[in-house]
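Shown next: data15.cif, containing mmCIF, C-alpha atoms.
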```
data_target
loop_
_atom_site.label_atom_id
_atom_site.label_comp_id
_atom_site.auth_asym_id
_atom_site.auth_seq_id
_atom_site.Cartn_x
_atom_site.Cartn_y
_atom_site.Cartn_z
CA MET A 1 10.89 35.86 -41.96
CA LYS A 2 9.04 34.62 -38.84
CA ILE A 3 8.07 38.18 -37.95
CA CYS A 4 6.61 38.72 -41.45
CA VAL A 5 4.56 35.52 -41.23
CA LEU A 6 3.34 36.37 -37.74
CA THR A 7 2.44 39.90 -38.84
CA LEU A 8 0.55 38.53 -41.86
CA ILE A 9 -1.40 36.07 -39.69
CA LEU A 10 -2.34 38.77 -37.17
CA PHE A 11 -3.33 41.16 -39.97
CA SER A 12 -5.51 38.48 -41.60
CA ALA A 13 -7.17 37.69 -38.26
CA ALA A 14 -7.86 41.39 -37.68
CA ILE A 15 -9.49 41.73 -41.11
CA THR A 16 -11.60 38.62 -40.56
CA MET A 17 -12.76 39.86 -37.15
CA ALA A 18 -13.57 43.29 -38.58
CA GLN A 19 -15.76 41.71 -41.27
CA THR A 20 -17.66 39.44 -38.90
CA ASN A 21 -21.36 40.18 -38.87
CA SER A 22 -23.20 40.43 -35.58
CA SER A 23 -26.79 39.67 -34.63
CA VAL A 24 -29.51 41.88 -33.16
CA TYR A 25 -32.96 40.51 -32.35
CA THR A 26 -36.46 41.95 -32.79
CA PRO A 27 -39.45 40.45 -30.93
CA LEU A 28 -42.32 39.48 -33.26
CA ALA A 29 -44.93 38.45 -30.68
CA ALA A 30 -48.18 40.42 -30.89
CA LYS A 31 -47.89 41.58 -27.28
CA GLN A 32 -44.50 43.17 -28.03
CA CYS A 33 -45.54 44.88 -31.28
CA LYS A 34 -47.94 47.76 -31.86
CA THR A 35 -51.27 46.53 -33.21
CA ILE A 36 -52.17 48.26 -36.48
CA LYS A 37 -55.25 46.18 -37.33
CA GLY A 38 -57.24 43.42 -35.66
CA PRO A 39 -57.29 40.82 -34.55
CA ASP A 40 -60.64 40.44 -36.28
CA PRO A 41 -62.73 37.90 -34.32
CA GLN A 42 -64.31 36.48 -37.50
CA THR A 43 -61.37 36.37 -39.90
CA ASN A 44 -58.42 36.44 -37.46
CA ASP A 45 -56.80 39.09 -39.69
CA TYR A 46 -54.08 40.95 -37.84
CA GLU A 47 -51.29 43.46 -38.49
CA GLY A 48 -48.68 44.49 -35.98
CA ARG A 49 -45.69 46.82 -36.32
CA CYS A 50 -42.54 45.56 -34.63
CA ARG A 51 -39.54 47.76 -33.95
CA GLY A 52 -36.51 46.85 -35.99
CA VAL A 53 -32.98 48.19 -36.24
CA ALA A 54 -31.36 51.22 -37.87
CA GLY A 55 -34.73 52.76 -38.77
CA TYR A 56 -36.24 49.55 -40.20
CA THR A 57 -39.51 48.10 -38.89
CA LEU A 58 -41.27 44.80 -39.46
CA ILE A 59 -44.98 44.38 -40.01
CA VAL A 60 -46.34 40.96 -39.09
CA THR A 61 -49.56 40.15 -40.93
CA GLU A 62 -51.96 37.27 -40.50
CA GLY A 63 -54.84 36.15 -42.68
CA ASP A 64 -56.42 32.74 -43.27
CA LEU A 65 -54.25 31.31 -40.46
CA ARG A 66 -51.06 32.18 -42.38
CA GLN A 67 -48.51 34.79 -41.35
CA ASN A 68 -46.18 36.96 -43.37
CA VAL A 69 -43.65 39.71 -42.68
CA ILE A 70 -43.25 43.03 -44.47
CA VAL A 71 -39.92 44.85 -44.09
CA VAL A 72 -40.28 48.63 -43.97
CA THR A 73 -37.16 50.65 -44.82
CA PRO A 74 -36.18 53.86 -42.99
CA LYS A 75 -37.59 55.75 -46.02
CA GLY A 76 -40.95 53.96 -45.68
CA ALA A 77 -40.69 51.56 -48.64
CA LYS A 78 -42.49 48.28 -47.92
CA HIS A 79 -41.13 44.90 -49.05
CA SER A 80 -43.36 41.87 -48.50
CA LEU A 81 -41.39 38.67 -47.97
CA ASP A 82 -44.31 36.57 -49.31
CA LEU A 83 -43.42 33.82 -46.86
CA TRP A 84 -46.65 31.93 -47.60
CA ASP A 85 -45.60 31.66 -51.25
CA VAL A 86 -41.82 31.34 -50.97
CA ILE A 87 -41.43 29.17 -47.84
CA SER A 88 -44.72 27.27 -47.42
CA GLY A 89 -48.38 27.67 -48.31
CA GLY A 90 -49.52 25.71 -45.23
CA PHE A 91 -51.07 27.24 -42.15
CA SER A 92 -48.20 29.11 -40.56
CA SER A 93 -46.80 31.37 -37.90
CA VAL A 94 -43.56 33.28 -37.54
CA GLY A 95 -41.22 32.61 -34.63
CA ALA A 96 -41.01 34.75 -31.51
CA LYS A 97 -38.14 36.88 -32.82
CA ALA A 98 -36.33 37.94 -35.97
CA GLU A 99 -32.54 37.97 -36.23
CA TRP A 100 -30.93 40.89 -38.05
CA ARG A 101 -27.40 40.32 -39.39
CA MET A 102 -25.53 43.58 -38.95
CA VAL A 103 -22.36 45.20 -40.30
CA GLN A 104 -20.72 48.55 -39.67
CA LYS A 105 -21.22 51.04 -42.54
CA ASP A 106 -19.66 54.46 -42.17
CA GLY A 107 -19.26 53.80 -38.46
CA LYS A 108 -22.95 52.95 -37.93
CA PRO A 109 -24.64 49.55 -37.59
CA ALA A 110 -26.59 48.54 -40.72
CA PRO A 111 -28.63 45.42 -41.46
CA VAL A 112 -27.53 43.23 -44.39
CA ALA A 113 -29.87 40.29 -43.79
CA LEU A 114 -32.78 39.05 -41.73
CA ILE A 115 -33.53 35.54 -40.48
CA ILE A 116 -37.09 34.60 -39.54
CA ARG A 117 -38.33 31.27 -38.21
CA TYR A 118 -41.39 30.13 -40.16
CA ASN A 119 -43.47 27.33 -38.66
CA ALA A 120 -45.73 25.67 -41.22
CA ASN A 121 -48.29 22.91 -41.02
CA GLU A 122 -47.83 21.07 -44.30
CA ASP A 123 -49.71 17.87 -43.43
CA PRO A 124 -53.51 18.30 -43.22
CA GLU A 125 -53.77 14.83 -41.66
CA SER A 126 -51.58 15.93 -38.71
CA PRO A 127 -52.66 19.46 -37.75
CA ASN A 128 -50.30 19.59 -34.75
CA LYS A 129 -47.21 18.61 -36.76
CA GLN A 130 -45.18 21.59 -37.97
CA SER A 131 -42.04 22.07 -40.00
CA SER A 132 -39.86 24.88 -38.69
CA TYR A 133 -37.97 26.58 -41.54
CA LEU A 134 -35.61 29.52 -41.41
CA ALA A 135 -36.25 32.17 -44.06
CA VAL A 136 -33.13 34.15 -44.96
CA THR A 137 -33.71 37.61 -46.40
CA LYS A 138 -31.17 39.88 -48.02
CA ILE A 139 -31.29 43.61 -47.34
CA THR A 140 -29.51 45.75 -49.91
CA ASP A 141 -30.00 49.29 -51.18
CA THR A 142 -31.90 47.91 -54.19
CA GLU A 143 -33.60 44.71 -52.96
CA ILE A 144 -35.18 43.08 -49.94
CA CYS A 145 -36.30 39.50 -50.53
CA VAL A 146 -35.98 35.91 -49.34
CA THR A 147 -32.88 34.22 -50.75
CA ASP A 148 -32.75 30.96 -48.80
CA LYS A 149 -35.11 28.43 -47.22
CA ILE A 150 -33.26 26.48 -44.53
CA SER A 151 -34.90 23.16 -43.69
CA PRO A 152 -35.17 21.94 -40.10
CA GLY A 153 -32.02 20.31 -38.76
CA PRO A 154 -29.48 20.35 -35.94
CA LYS A 155 -27.31 22.99 -37.64
CA ALA A 156 -30.11 25.07 -39.17
CA ASN A 157 -29.26 28.23 -37.18
CA GLU A 158 -25.60 28.12 -38.22
CA GLU A 159 -26.55 27.40 -41.85
CA ALA A 160 -28.97 30.35 -41.82
CA ARG A 161 -26.29 32.74 -40.51
CA VAL A 162 -23.81 31.60 -43.17
CA ALA A 163 -26.52 32.02 -45.85
CA ALA A 164 -27.48 35.43 -44.44
CA ASP A 165 -23.90 36.68 -44.47
CA ALA A 166 -23.64 35.73 -48.17
CA ALA A 167 -27.20 36.76 -49.15
CA ALA A 168 -26.37 40.12 -50.76
CA ASN A 169 -25.19 38.46 -53.97
CA LYS A 170 -27.95 35.85 -54.19
CA THR A 171 -31.10 35.92 -56.29
CA CYS A 172 -34.55 36.14 -54.75
CA LEU A 173 -36.54 32.93 -54.30
CA LYS A 174 -39.84 32.73 -56.10
CA LYS A 175 -42.81 30.44 -55.43
CA SER A 176 -41.62 27.98 -58.09
CA GLN A 177 -38.19 27.75 -56.42
CA GLN A 178 -39.40 26.17 -53.17
CA GLN A 179 -37.15 23.33 -52.09
#
```

Reformat the file's structure so that it appears as structure tokens.
Amino acid sequence: MKICVLTLILFSAAITMAQTNSSVYTPLAAKQCKTIKGPDPQTNDYEGRCRGVAGYTLIVTEGDLRQNVIVVTPKGAKHSLDLWDVISGGFSSVGAKAEWRMVQKDGKPAPVALIIRYNANEDPESPNKQSSYLAVTKITDTEICVTDKISPGPKANEEARVAADAAANKTCLKKSQQQ
């Protein structure tokens, strides 16, 4: 009986470890991405293409002092995350890197989610005060969209990874669903 229980525990641990997602990071800073457009000295409009994972790329855009990210699939389909609508409409910037949550599919690494830090100035009276949210994006064969807005806090990174690992079955956030 003890051998059966021990075998079951080891088997369960092996399955859990096999299903654990891993993280891969993509730099989002302008100097580490290929400039597509800008920066325009009058409007500050900018577009930069950042290398992703498994054939995906990220396009960081800026206009009116607000930034957004567009996910480009290996087949070239573009999916705007609409961060300025879904996360915050304030003046904003994305963090220095994006975190891809990866699984193994058919023996190859494949992204299932993306986590992006989104720094927003939501108080016009305090232009230097920013809120630092984490935008969690699901990546499936049929949809790429933001599913969770993680508020600043001491466990925000852990919360974002848990949300990312469960994102595939979540609905997309819309502007009216901001927390």

Please tabulate, as CSV, the residues of region 100-152 of chain A that come within 10 Å of region 64-79 of chain A, each with its closest pair of atoms and the distance in Å to one decimal, counting all atoms listed in the file and ordering rows by chain, then residue number upward.
```
residue,atom,partner,partner_atom,distance
A:Leu114,CA,A:Val71,CA,9.5
A:Ile116,CA,A:Val69,CA,8.9
A:Tyr118,CA,A:Gln67,CA,8.6
A:Asn119,CA,A:Gln67,CA,9.4
A:Ala120,CA,A:Arg66,CA,8.5
A:Asn121,CA,A:Arg66,CA,9.8
A:Thr137,CA,A:Val71,CA,9.8
A:Ile139,CA,A:Val71,CA,9.3
A:Asp141,CA,A:Thr73,CA,9.7
A:Glu143,CA,A:His79,CA,8.5
A:Ile144,CA,A:His79,CA,6.3
A:Cys145,CA,A:His79,CA,7.4
```

List, as number ranges by chain, every residue that the PyMOL selection byres ((chain A and resi 36) around 9) selects in the file provided. A: 34-35, 37-38, 46-49, 59

What is the distance between CA of Val24 (chain A) and CA of Ile87 (chain A), in Å to one decimal?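 Here the two named atoms are 22.8 Å from each other.
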
Neighbour residues at most 12 Å from (-20.9, 49.1, -39.7) (only C-alpha atoms) as a list in words: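 Within 12 Å of (-20.9, 49.1, -39.7), the protein and nucleic acid residues are Ala18, Gln19, Thr20, Asn21, Ser22, Ala54, Arg101, Met102, Val103, Gln104, Lys105, Asp106, Gly107, Lys108, Pro109, Ala110, Pro111 and Val112 of chain A.
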
Between CA of Ser92 (chain A) and CA of Ser126 (chain A), what distance in Å does the model show, to one decimal?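 About the pair CA of Ser92 (chain A) and CA of Ser126 (chain A): they are 13.7 Å apart.
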
Atomic separation - CA of Leu81 (chain A) relative to CA of Thr142 (chain A), Å: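 CA of Leu81 (chain A) lies at a distance of 14.6 Å from CA of Thr142 (chain A).
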
For the provided coordinates, the residues matched by the PyMOL selection byres ((chain A and resi 133) around 6) should be stated as a short mmCIF file (atom, residue, chain, number, x, y, z; two decimals) with C-alpha atoms, keeping the file's coordinate frame.
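Result file is expr34.cif:
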```cif
data_model
loop_
_atom_site.label_atom_id
_atom_site.label_comp_id
_atom_site.auth_asym_id
_atom_site.auth_seq_id
_atom_site.Cartn_x
_atom_site.Cartn_y
_atom_site.Cartn_z
CA ARG A 117 -38.33 31.27 -38.21
CA TYR A 118 -41.39 30.13 -40.16
CA SER A 132 -39.86 24.88 -38.69
CA LEU A 134 -35.61 29.52 -41.41
CA ILE A 150 -33.26 26.48 -44.53
CA SER A 151 -34.90 23.16 -43.69
CA PRO A 152 -35.17 21.94 -40.10
#
```

Using the chain letters and numbers from the file, which residues does the PyMOL selection byres ((chain A and resi 172) around 6) grab, as a PyMOL selection string? chain A and resi 145-147+171+173

Nearest residue to Val136 (chain A) out of A:Ala166, A:Ala96, A:Ala156, A:Ala113, using only C-alpha atoms?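 When distances to Val136 (chain A) are compared using only C-alpha atoms, the smallest one comes from A:Ala113.
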
Just checking: using only C-alpha atoms, which residue out of A:Val53, A:Ile115, A:Lys149, A:Lys174 ends up closest to Gly95 (chain A)?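 Checking each of A:Val53, A:Ile115, A:Lys149, A:Lys174 against Gly95 (chain A), counting only C-alpha atoms, the winner is A:Ile115.
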
Counting only C-alpha atoms, the residue of A:Ser131, A:Tyr25, A:Ser88, A:Gly63 that sits nearest Arg51 (chain A):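 Nearest to Arg51 (chain A): A:Tyr25.
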
Quick one: what's the axis-aligned box for region 100-117 of chain A, all listed atoms, 6 Å on every side, centre and edges in Å to one decimal, as AutoDock Vina command-line options?
```
--center_x -28.8 --center_y 42.9 --center_z -41.0 --size_x 31.1 --size_y 35.2 --size_z 18.8
```

In terms of the shortest atom-to-atom distance over only C-alpha atoms, which of A:Asn128, A:Thr140, A:Gln32, A:Thr26 is closest to Leu58 (chain A)?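 Checking each candidate against Leu58 (chain A), we get A:Thr26 as the closest.
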
Taking only N, CA and C atoms, show region 24-58 of chain A of the given structure as a PDB file, in the first residue's frame.
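Once written, part.pdb looks like this:
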```
ATOM      1  N   VAL A  24       9.994  33.636 -20.517  1.00  0.00           N
ATOM      2  CA  VAL A  24      11.032  34.141 -21.410  1.00  0.00           C
ATOM      3  C   VAL A  24      10.750  35.636 -21.549  1.00  0.00           C
ATOM      4  N   TYR A  25      11.802  36.438 -21.598  1.00  0.00           N
ATOM      5  CA  TYR A  25      11.626  37.891 -21.586  1.00  0.00           C
ATOM      6  C   TYR A  25      12.047  38.526 -22.902  1.00  0.00           C
ATOM      7  N   THR A  26      11.325  39.582 -23.287  1.00  0.00           N
ATOM      8  CA  THR A  26      11.611  40.361 -24.481  1.00  0.00           C
ATOM      9  C   THR A  26      11.843  41.807 -24.062  1.00  0.00           C
ATOM     10  N   PRO A  27      12.991  42.412 -24.427  1.00  0.00           N
ATOM     11  CA  PRO A  27      13.189  43.832 -24.125  1.00  0.00           C
ATOM     12  C   PRO A  27      12.230  44.693 -24.948  1.00  0.00           C
ATOM     13  N   LEU A  28      11.715  45.754 -24.330  1.00  0.00           N
ATOM     14  CA  LEU A  28      10.793  46.662 -25.024  1.00  0.00           C
ATOM     15  C   LEU A  28      11.365  48.067 -25.183  1.00  0.00           C
ATOM     16  N   ALA A  29      12.556  48.308 -24.679  1.00  0.00           N
ATOM     17  CA  ALA A  29      13.163  49.635 -24.763  1.00  0.00           C
ATOM     18  C   ALA A  29      13.481  49.966 -26.217  1.00  0.00           C
ATOM     19  N   ALA A  30      13.273  51.225 -26.586  1.00  0.00           N
ATOM     20  CA  ALA A  30      13.474  51.664 -27.971  1.00  0.00           C
ATOM     21  C   ALA A  30      14.862  51.315 -28.496  1.00  0.00           C
ATOM     22  N   LYS A  31      15.879  51.418 -27.651  1.00  0.00           N
ATOM     23  CA  LYS A  31      17.240  51.146 -28.122  1.00  0.00           C
ATOM     24  C   LYS A  31      17.482  49.663 -28.398  1.00  0.00           C
ATOM     25  N   GLN A  32      16.592  48.794 -27.927  1.00  0.00           N
ATOM     26  CA  GLN A  32      16.751  47.360 -28.149  1.00  0.00           C
ATOM     27  C   GLN A  32      15.763  46.817 -29.189  1.00  0.00           C
ATOM     28  N   CYS A  33      14.941  47.695 -29.740  1.00  0.00           N
ATOM     29  CA  CYS A  33      13.971  47.306 -30.769  1.00  0.00           C
ATOM     30  C   CYS A  33      14.290  48.051 -32.059  1.00  0.00           C
ATOM     31  N   LYS A  34      13.837  47.518 -33.169  1.00  0.00           N
ATOM     32  CA  LYS A  34      14.083  48.152 -34.464  1.00  0.00           C
ATOM     33  C   LYS A  34      13.039  49.248 -34.686  1.00  0.00           C
ATOM     34  N   THR A  35      13.509  50.462 -34.917  1.00  0.00           N
ATOM     35  CA  THR A  35      12.596  51.576 -35.149  1.00  0.00           C
ATOM     36  C   THR A  35      11.921  51.410 -36.504  1.00  0.00           C
ATOM     37  N   ILE A  36      10.591  51.466 -36.492  1.00  0.00           N
ATOM     38  CA  ILE A  36       9.800  51.399 -37.719  1.00  0.00           C
ATOM     39  C   ILE A  36       9.419  52.811 -38.155  1.00  0.00           C
ATOM     40  N   LYS A  37       9.066  53.648 -37.167  1.00  0.00           N
ATOM     41  CA  LYS A  37       8.611  55.012 -37.450  1.00  0.00           C
ATOM     42  C   LYS A  37       8.986  55.918 -36.280  1.00  0.00           C
ATOM     43  N   GLY A  38       9.476  57.119 -36.602  1.00  0.00           N
ATOM     44  CA  GLY A  38       9.717  58.125 -35.579  1.00  0.00           C
ATOM     45  C   GLY A  38      11.071  57.960 -34.923  1.00  0.00           C
ATOM     46  N   PRO A  39      11.235  58.534 -33.760  1.00  0.00           N
ATOM     47  CA  PRO A  39      10.245  59.385 -33.105  1.00  0.00           C
ATOM     48  C   PRO A  39      10.116  60.730 -33.811  1.00  0.00           C
ATOM     49  N   ASP A  40       8.876  61.160 -34.000  1.00  0.00           N
ATOM     50  CA  ASP A  40       8.569  62.435 -34.625  1.00  0.00           C
ATOM     51  C   ASP A  40       8.814  63.535 -33.597  1.00  0.00           C
ATOM     52  N   PRO A  41       9.672  64.533 -33.920  1.00  0.00           N
ATOM     53  CA  PRO A  41      10.000  65.564 -32.932  1.00  0.00           C
ATOM     54  C   PRO A  41       8.799  66.431 -32.523  1.00  0.00           C
ATOM     55  N   GLN A  42       7.795  66.543 -33.383  1.00  0.00           N
ATOM     56  CA  GLN A  42       6.640  67.379 -33.042  1.00  0.00           C
ATOM     57  C   GLN A  42       5.554  66.602 -32.303  1.00  0.00           C
ATOM     58  N   THR A  43       5.294  65.379 -32.718  1.00  0.00           N
ATOM     59  CA  THR A  43       4.183  64.623 -32.127  1.00  0.00           C
ATOM     60  C   THR A  43       4.645  63.542 -31.162  1.00  0.00           C
ATOM     61  N   ASN A  44       5.946  63.217 -31.188  1.00  0.00           N
ATOM     62  CA  ASN A  44       6.499  62.126 -30.382  1.00  0.00           C
ATOM     63  C   ASN A  44       5.969  60.758 -30.795  1.00  0.00           C
ATOM     64  N   ASP A  45       5.313  60.650 -31.943  1.00  0.00           N
ATOM     65  CA  ASP A  45       4.843  59.350 -32.424  1.00  0.00           C
ATOM     66  C   ASP A  45       6.045  58.455 -32.695  1.00  0.00           C
ATOM     67  N   TYR A  46       5.883  57.186 -32.339  1.00  0.00           N
ATOM     68  CA  TYR A  46       6.971  56.228 -32.468  1.00  0.00           C
ATOM     69  C   TYR A  46       6.383  54.838 -32.653  1.00  0.00           C
ATOM     70  N   GLU A  47       7.081  54.017 -33.441  1.00  0.00           N
ATOM     71  CA  GLU A  47       6.792  52.584 -33.548  1.00  0.00           C
ATOM     72  C   GLU A  47       8.111  51.841 -33.586  1.00  0.00           C
ATOM     73  N   GLY A  48       8.188  50.793 -32.774  1.00  0.00           N
ATOM     74  CA  GLY A  48       9.387  49.962 -32.776  1.00  0.00           C
ATOM     75  C   GLY A  48       9.007  48.495 -32.739  1.00  0.00           C
ATOM     76  N   ARG A  49       9.710  47.691 -33.508  1.00  0.00           N
ATOM     77  CA  ARG A  49       9.462  46.240 -33.553  1.00  0.00           C
ATOM     78  C   ARG A  49      10.469  45.542 -32.646  1.00  0.00           C
ATOM     79  N   CYS A  50       9.922  44.794 -31.677  1.00  0.00           N
ATOM     80  CA  CYS A  50      10.754  44.085 -30.712  1.00  0.00           C
ATOM     81  C   CYS A  50      10.639  42.591 -30.963  1.00  0.00           C
ATOM     82  N   ARG A  51      11.769  41.932 -30.945  1.00  0.00           N
ATOM     83  CA  ARG A  51      11.807  40.484 -31.156  1.00  0.00           C
ATOM     84  C   ARG A  51      11.069  39.766 -30.048  1.00  0.00           C
ATOM     85  N   GLY A  52      10.268  38.800 -30.410  1.00  0.00           N
ATOM     86  CA  GLY A  52       9.528  38.024 -29.432  1.00  0.00           C
ATOM     87  C   GLY A  52      10.055  36.617 -29.327  1.00  0.00           C
ATOM     88  N   VAL A  53       9.131  35.678 -29.208  1.00  0.00           N
ATOM     89  CA  VAL A  53       9.476  34.262 -29.086  1.00  0.00           C
ATOM     90  C   VAL A  53       8.668  33.458 -30.095  1.00  0.00           C
ATOM     91  N   ALA A  54       9.194  32.321 -30.490  1.00  0.00           N
ATOM     92  CA  ALA A  54       8.480  31.363 -31.343  1.00  0.00           C
ATOM     93  C   ALA A  54       7.837  32.017 -32.572  1.00  0.00           C
ATOM     94  N   GLY A  55       8.533  32.988 -33.162  1.00  0.00           N
ATOM     95  CA  GLY A  55       8.023  33.642 -34.362  1.00  0.00           C
ATOM     96  C   GLY A  55       7.123  34.849 -34.109  1.00  0.00           C
ATOM     97  N   TYR A  56       6.792  35.127 -32.864  1.00  0.00           N
ATOM     98  CA  TYR A  56       5.985  36.305 -32.520  1.00  0.00           C
ATOM     99  C   TYR A  56       6.894  37.520 -32.403  1.00  0.00           C
ATOM    100  N   THR A  57       6.354  38.703 -32.702  1.00  0.00           N
ATOM    101  CA  THR A  57       7.046  39.960 -32.448  1.00  0.00           C
ATOM    102  C   THR A  57       6.080  40.898 -31.741  1.00  0.00           C
ATOM    103  N   LEU A  58       6.637  41.927 -31.140  1.00  0.00           N
ATOM    104  CA  LEU A  58       5.838  42.947 -30.468  1.00  0.00           C
ATOM    105  C   LEU A  58       6.156  44.292 -31.098  1.00  0.00           C
TER     106      LEU A  58
END
```
